[in-house]
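Asks: Please see the structure below; I have some questions.
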Amino acid sequence: MNNFSQDLLVWYNENKRNLPWRDTQDPYKIWLSEIILQQTRVEQGRAYYEKFLRTFSNVHEMAEATEKEILNLWQGLGYYSRARNLHKASRQVVNDYRGEFPDSFQELKKLKGVGPYTAAAIASFAFGERVPVVDGNVYRFLGRYLELDEPVNTPKAYKLFFEAARELMERVDPAQFNQAVMECGALICKPKNVQCMLCPVQESCGAFNAGRVDQYPVKPVKTKVQNRYLYYFIVEEESSVLLKLRNEKGIWQHLYEFPCIETTKPLSLVGLTDKAIDQDFIQSRKSVLTEIGEERLHKLSHRNLHARFFQVTQAQPDRDSVFVPYDDLKEYPLSRLMDRFIEEEKPHYYAQK
């Protein structure tokens with residue numbers, strides 16, 4: 001056992017967090033936790049993990065569910081393609097693998113939504129395969145330790161970090177090694193406020209000894225953030241509100257929302273009214289648009305969404321819209337943006353005034 005692995009595993013066994021998915025080798029539970037934890041904080045992910053397990057105790061139960069049920073449980077986690085892929089993968093396991101998760105890294109990558117990182121996590125944690133995980137924590141921790149200057153998140157970088165991690169994990173338990181690297185990356189070798197004095201491998205860390213910790217990992221060129229403008233129309237009928245299923249590919253596919261006009265540039269109230277008339281949503285300027293609340297900024301990885309909400313009179317809904325009682329909204333999967341607006345603004349109260 002090399003000194004890096006030995007020192008790291010000693011630290012891990014003394015300092016690891018008590019997380020429910022660490023005490024199992026059940027590939028279903030490990031897979032579920034890894035999908036949820038993609039782009040989600042551990043504290044938030046734990047509640048969703050436990051909620052999903054209470055609802056679907058095994059992959060067969062999840063495969064029998066509808067997509068709407070999955071999206072409802074997922075509501076609030078964001079990046080809803082993860083939920084749709086979760087559902088599709090559960091059906092793959094049931095239909096293509098007779099309900100048993102594949103037990104190899106290469107075969108696991110064939111599941112919908114399972115990339116190299118998730119496949120490596122399941123393969124090592126559930127089946128003991130000697131394959132390293134490479135995620136943001138690993139890029140940061142090993143990038144600093146080995147002073148790897150390759151910009152991360154590229155195929156070349158992945159191969160470099162994968163081979164470096166595999167060499168370091170020789171002759172140790174792969175599951176323990178992978179967990180230890182990720183844990184040290186999450187708790188000690190953090191993006192900011194790095195706890196170098198508490199690091200178990202500080203003495204042999206290249207970046208620490210060179211005084212260059214803040215220069216790793218080397219970041220790729222950032223993708224330019226796009227601005228999109230969303231104008232939502234709130235149409236109420238007694239204690240019900242009009243919802244429309246979002247069928248377009250992209251963000252929030254198969255979620256429900258108020259009818260919406262989306263643009264790449266901001267619109268004036270006159271411009272918005274003209275566009276609503278052009279799209280046959282309202283018939284004339286006799287339809288009154290009354291704004292509720294202020295503009296809301298919803299940030300995604302490469303997109304800033306500027307959302308405004310308007311109460312509408314005399315609208316003419318299309319066939320894809322449905323009036324839903326406010327009391328039944330919890331049965332419909334909504335984006336976090338929609339859910340927060342309804343909770344905070346309670347638009348139906350305006351109609352009652």
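By order of appearance in the structure tokens: chains A, B, ..., then residues from 1 within every chain, and ligands from 1 in the order shown.
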Using only C-alpha atoms, which residues sit within 12 Å of A:Asp280 once same-chain residues fewer than 2 positions away are excluded, as a PyMOL selection string?
Replies: chain A and resi 261+273-278+282-285+287+314-318
Asks: What does the file look like for those residues with N, CA and C atoms, as a compact mmCIF listing (two decimals), in the first residue's frame?
Replies:
# COMPACT_ATOMS: atom_id res chain seq x y z
N ILE A 261 -44.60 32.87 -22.68
CA ILE A 261 -43.90 33.38 -23.86
C ILE A 261 -42.44 33.55 -23.47
N THR A 273 -47.94 42.31 -24.95
CA THR A 273 -49.35 42.23 -25.36
C THR A 273 -49.45 41.90 -26.85
N ASP A 274 -48.65 42.59 -27.67
CA ASP A 274 -48.65 42.32 -29.12
C ASP A 274 -48.29 40.86 -29.40
N LYS A 275 -47.29 40.33 -28.70
CA LYS A 275 -46.86 38.96 -28.93
C LYS A 275 -47.94 37.97 -28.50
N ALA A 276 -48.62 38.26 -27.39
CA ALA A 276 -49.71 37.39 -26.93
C ALA A 276 -50.87 37.38 -27.92
N ILE A 277 -51.13 38.53 -28.55
CA ILE A 277 -52.18 38.60 -29.58
C ILE A 277 -51.76 37.81 -30.81
N ASP A 278 -50.48 37.98 -31.21
CA ASP A 278 -49.96 37.25 -32.37
C ASP A 278 -50.06 35.75 -32.19
N ILE A 282 -54.42 35.87 -26.39
CA ILE A 282 -55.46 36.83 -26.06
C ILE A 282 -55.97 37.42 -27.38
N GLN A 283 -57.21 37.87 -27.38
CA GLN A 283 -57.85 38.32 -28.62
C GLN A 283 -57.57 39.79 -28.92
N SER A 284 -57.46 40.62 -27.90
CA SER A 284 -57.31 42.05 -28.15
C SER A 284 -56.71 42.71 -26.92
N ARG A 285 -56.52 44.01 -27.02
CA ARG A 285 -55.96 44.77 -25.90
C ARG A 285 -56.94 44.96 -24.76
N SER A 287 -57.86 42.55 -23.08
CA SER A 287 -57.34 41.65 -22.06
C SER A 287 -56.32 42.41 -21.22
N GLN A 314 -59.65 37.51 -20.00
CA GLN A 314 -60.12 37.24 -21.36
C GLN A 314 -59.09 36.49 -22.21
N ALA A 315 -58.45 35.50 -21.64
CA ALA A 315 -57.52 34.67 -22.42
C ALA A 315 -58.28 33.56 -23.12
N GLN A 316 -57.70 32.99 -24.17
CA GLN A 316 -58.29 31.84 -24.84
C GLN A 316 -57.27 30.70 -24.85
N PRO A 317 -57.37 29.78 -23.89
CA PRO A 317 -56.41 28.68 -23.75
C PRO A 317 -56.43 27.76 -24.98
N ASP A 318 -55.29 27.10 -25.23
CA ASP A 318 -55.25 26.13 -26.32
C ASP A 318 -55.58 24.73 -25.79
Asks: What's the 12 Å shell around A:Asn18, counting only C-alpha atoms, without same-chain residues fewer than 4 positions away, as number ranges by chain?
Replies: A: 12-14, 22-23, 42-43, 46, 183
Asks: Residues as selected, N, CA and C atoms, written as a compact mmCIF listing (two decimals), in the first residue's frame, can you do that?
Replies:
# COMPACT_ATOMS: atom_id res chain seq x y z
N TYR A 12 -9.90 8.79 6.48
CA TYR A 12 -11.30 8.57 6.10
C TYR A 12 -12.04 7.78 7.17
N ASN A 13 -11.44 6.72 7.66
CA ASN A 13 -12.11 5.88 8.65
C ASN A 13 -12.34 6.60 9.97
N GLU A 14 -11.58 7.64 10.22
CA GLU A 14 -11.74 8.42 11.45
C GLU A 14 -12.67 9.61 11.28
N ARG A 22 -23.81 4.85 2.39
CA ARG A 22 -22.49 4.27 2.57
C ARG A 22 -22.53 2.92 3.26
N ASP A 23 -23.64 2.59 3.87
CA ASP A 23 -23.73 1.34 4.63
C ASP A 23 -24.44 0.26 3.83
N VAL A 42 -25.21 17.36 -0.47
CA VAL A 42 -25.50 16.15 0.31
C VAL A 42 -26.68 16.37 1.25
N GLU A 43 -26.74 17.52 1.91
CA GLU A 43 -27.80 17.77 2.89
C GLU A 43 -29.18 17.74 2.22
N ARG A 46 -29.97 13.97 0.73
CA ARG A 46 -30.34 12.92 1.68
C ARG A 46 -31.86 12.81 1.83
N GLU A 183 -14.43 12.18 -0.19
CA GLU A 183 -14.70 12.79 1.12
C GLU A 183 -13.66 13.84 1.47
Asks: Determine, counting only C-alpha atoms, which protein, DNA and RNA residues have an atom within 12 Å of an atom of A:Gly211; residues of the same chain fewer than 6 positions away are not included. Present the result as a list in words.
Replies: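 The contact residues come out as Arg144, Tyr145, Glu147, Cys196, Gln202 and Cys205 of chain A.
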Asks: Counting only C-alpha atoms, which residue out of A:Thr66, A:Gln311, A:Gln253, A:Asn209 sits closest to A:His87?
Replies: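 Selected residue with least distance to A:His87: A:Thr66.
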Asks: Could you jot down the atom CA of A:Asp26 to atom CA of A:Lys109 separation for me, Å, one decimal place?
Replies: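 Taking atom CA of A:Asp26 and atom CA of A:Lys109, their separation equals 17.4 Å.
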Asks: For each of A:Arg91, A:Leu53, A:Phe310, A:Gly143, take the minimum atom-to-atom distance to A:Glu67, counting only C-alpha atoms, then give the residue where this is smallest.
Replies: A:Arg91
Asks: Write out as a list in words which residues come within 8 Å of A:Glu150 when counting only C-alpha atoms, dropping same-chain ones fewer than 6 positions away.
Replies: Lys156, Ala157 and Val218 of chain A
Asks: Produce a file of the selected residues containing C-alpha atoms, as a JSON list (two decimals), in the first residue's frame.
Replies:
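Result file follows (selection29.json):
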[["chain", "number", "residue", "atom", "x", "y", "z"],
["A", 156, "LYS", "CA", -7.97, 14.23, -22.26],
["A", 157, "ALA", "CA", -8.20, 15.37, -18.64],
["A", 218, "VAL", "CA", -6.88, 24.20, -14.03]]
Asks: How would you write, as a PyMOL selection string, the set of residues in stretch 102-206 of chain A that DSSP gives as helix (DSSP H, G or I)?
Replies: chain A and resi 105-108+116-127+136-146+155-168+174-187+196-198+202-204+206
Asks: Choose the residue, out of A:Tyr216, A:Phe101, A:Tyr79, A:Phe52, that has the smallest atom-to-atom separation from A:Ala119; count only C-alpha atoms.
Replies: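 Result for the nearest residue to A:Ala119: A:Phe101.
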Asks: Which of these residues is nearest to A:Ser240, using only C-alpha atoms: A:Phe177, A:Trp11, A:Phe258, A:Phe323?
Replies: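 Residue with the minimum atom-to-atom distance to A:Ser240: A:Phe323.
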Asks: Compile the contact shell of stretch 295-300 of chain A as a PyMOL selection string: residues with an atom at most 9 Å away, counting only C-alpha atoms, same-chain residues fewer than 3 positions apart removed.
Replies: chain A and resi 79+225+292+303-309+337+341
Asks: Selected residues, C-alpha atoms, written as a PDB file, in the first residue's frame, please.
Replies:
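Now in again-v2.pdb:
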ATOM      1  CA  TYR A  79     -31.978  19.382 -13.752  1.00  0.00           C
ATOM      2  CA  VAL A 225     -24.050  32.547 -19.923  1.00  0.00           C
ATOM      3  CA  ILE A 292     -47.749  40.068  -9.819  1.00  0.00           C
ATOM      4  CA  ARG A 303     -28.427  30.349 -18.508  1.00  0.00           C
ATOM      5  CA  ASN A 304     -30.010  33.175 -16.534  1.00  0.00           C
ATOM      6  CA  LEU A 305     -33.797  33.076 -16.635  1.00  0.00           C
ATOM      7  CA  HIS A 306     -35.621  36.354 -16.038  1.00  0.00           C
ATOM      8  CA  ALA A 307     -39.218  35.495 -15.133  1.00  0.00           C
ATOM      9  CA  ARG A 308     -42.220  37.815 -14.828  1.00  0.00           C
ATOM     10  CA  PHE A 309     -45.773  36.799 -13.956  1.00  0.00           C
ATOM     11  CA  LEU A 337     -39.309  28.542 -10.149  1.00  0.00           C
ATOM     12  CA  PHE A 341     -43.763  31.712  -7.066  1.00  0.00           C
TER      13      PHE A 341
END
Asks: One decimal, Å: what's the distance from atom CA of A:Leu334 over to atom CA of A:Thr223, could you say?
Replies: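 If I compute the distance from atom CA of A:Leu334 to atom CA of A:Thr223, I get 27.4 Å.
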Asks: Given only C-alpha atoms as the basis, pick out the residue of A:Arg54, A:Lys249, A:Arg17, A:Lys346 nearest to A:Lys29.
Replies: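 Answer, going by the shortest atom-to-atom distance: A:Arg54.
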Asks: Near stretch 129-131 of chain A, counting only C-alpha atoms, which residues have an atom at most 7 Å away, once you skip same-chain residues fewer than 2 positions from it, shown as a ChimeraX atom specification?
Replies: /A:120,123-124,127,133,166,174
Asks: Go ahead and save the picked residues with C-alpha atoms, as a PDB file, in the first residue's frame.
Replies:
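That gives us part-v7.pdb:
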ATOM      1  CA  ALA A 120     -17.483   3.685 -11.550  1.00  0.00           C
ATOM      2  CA  ALA A 123     -19.111  -0.804  -9.907  1.00  0.00           C
ATOM      3  CA  SER A 124     -16.684  -0.114  -7.055  1.00  0.00           C
ATOM      4  CA  PHE A 127     -19.292  -4.967  -6.848  1.00  0.00           C
ATOM      5  CA  VAL A 133     -14.399   7.620  -9.816  1.00  0.00           C
ATOM      6  CA  ARG A 166      -6.161   3.940 -10.724  1.00  0.00           C
ATOM      7  CA  PRO A 174     -11.515   0.327  -4.382  1.00  0.00           C
TER       8      PRO A 174
END
Asks: Rank nothing, just name the residue among A:Asp135, A:Glu257, A:Asp96, A:Asp103 nearest to A:Met338, using only C-alpha atoms.
Replies: A:Glu257
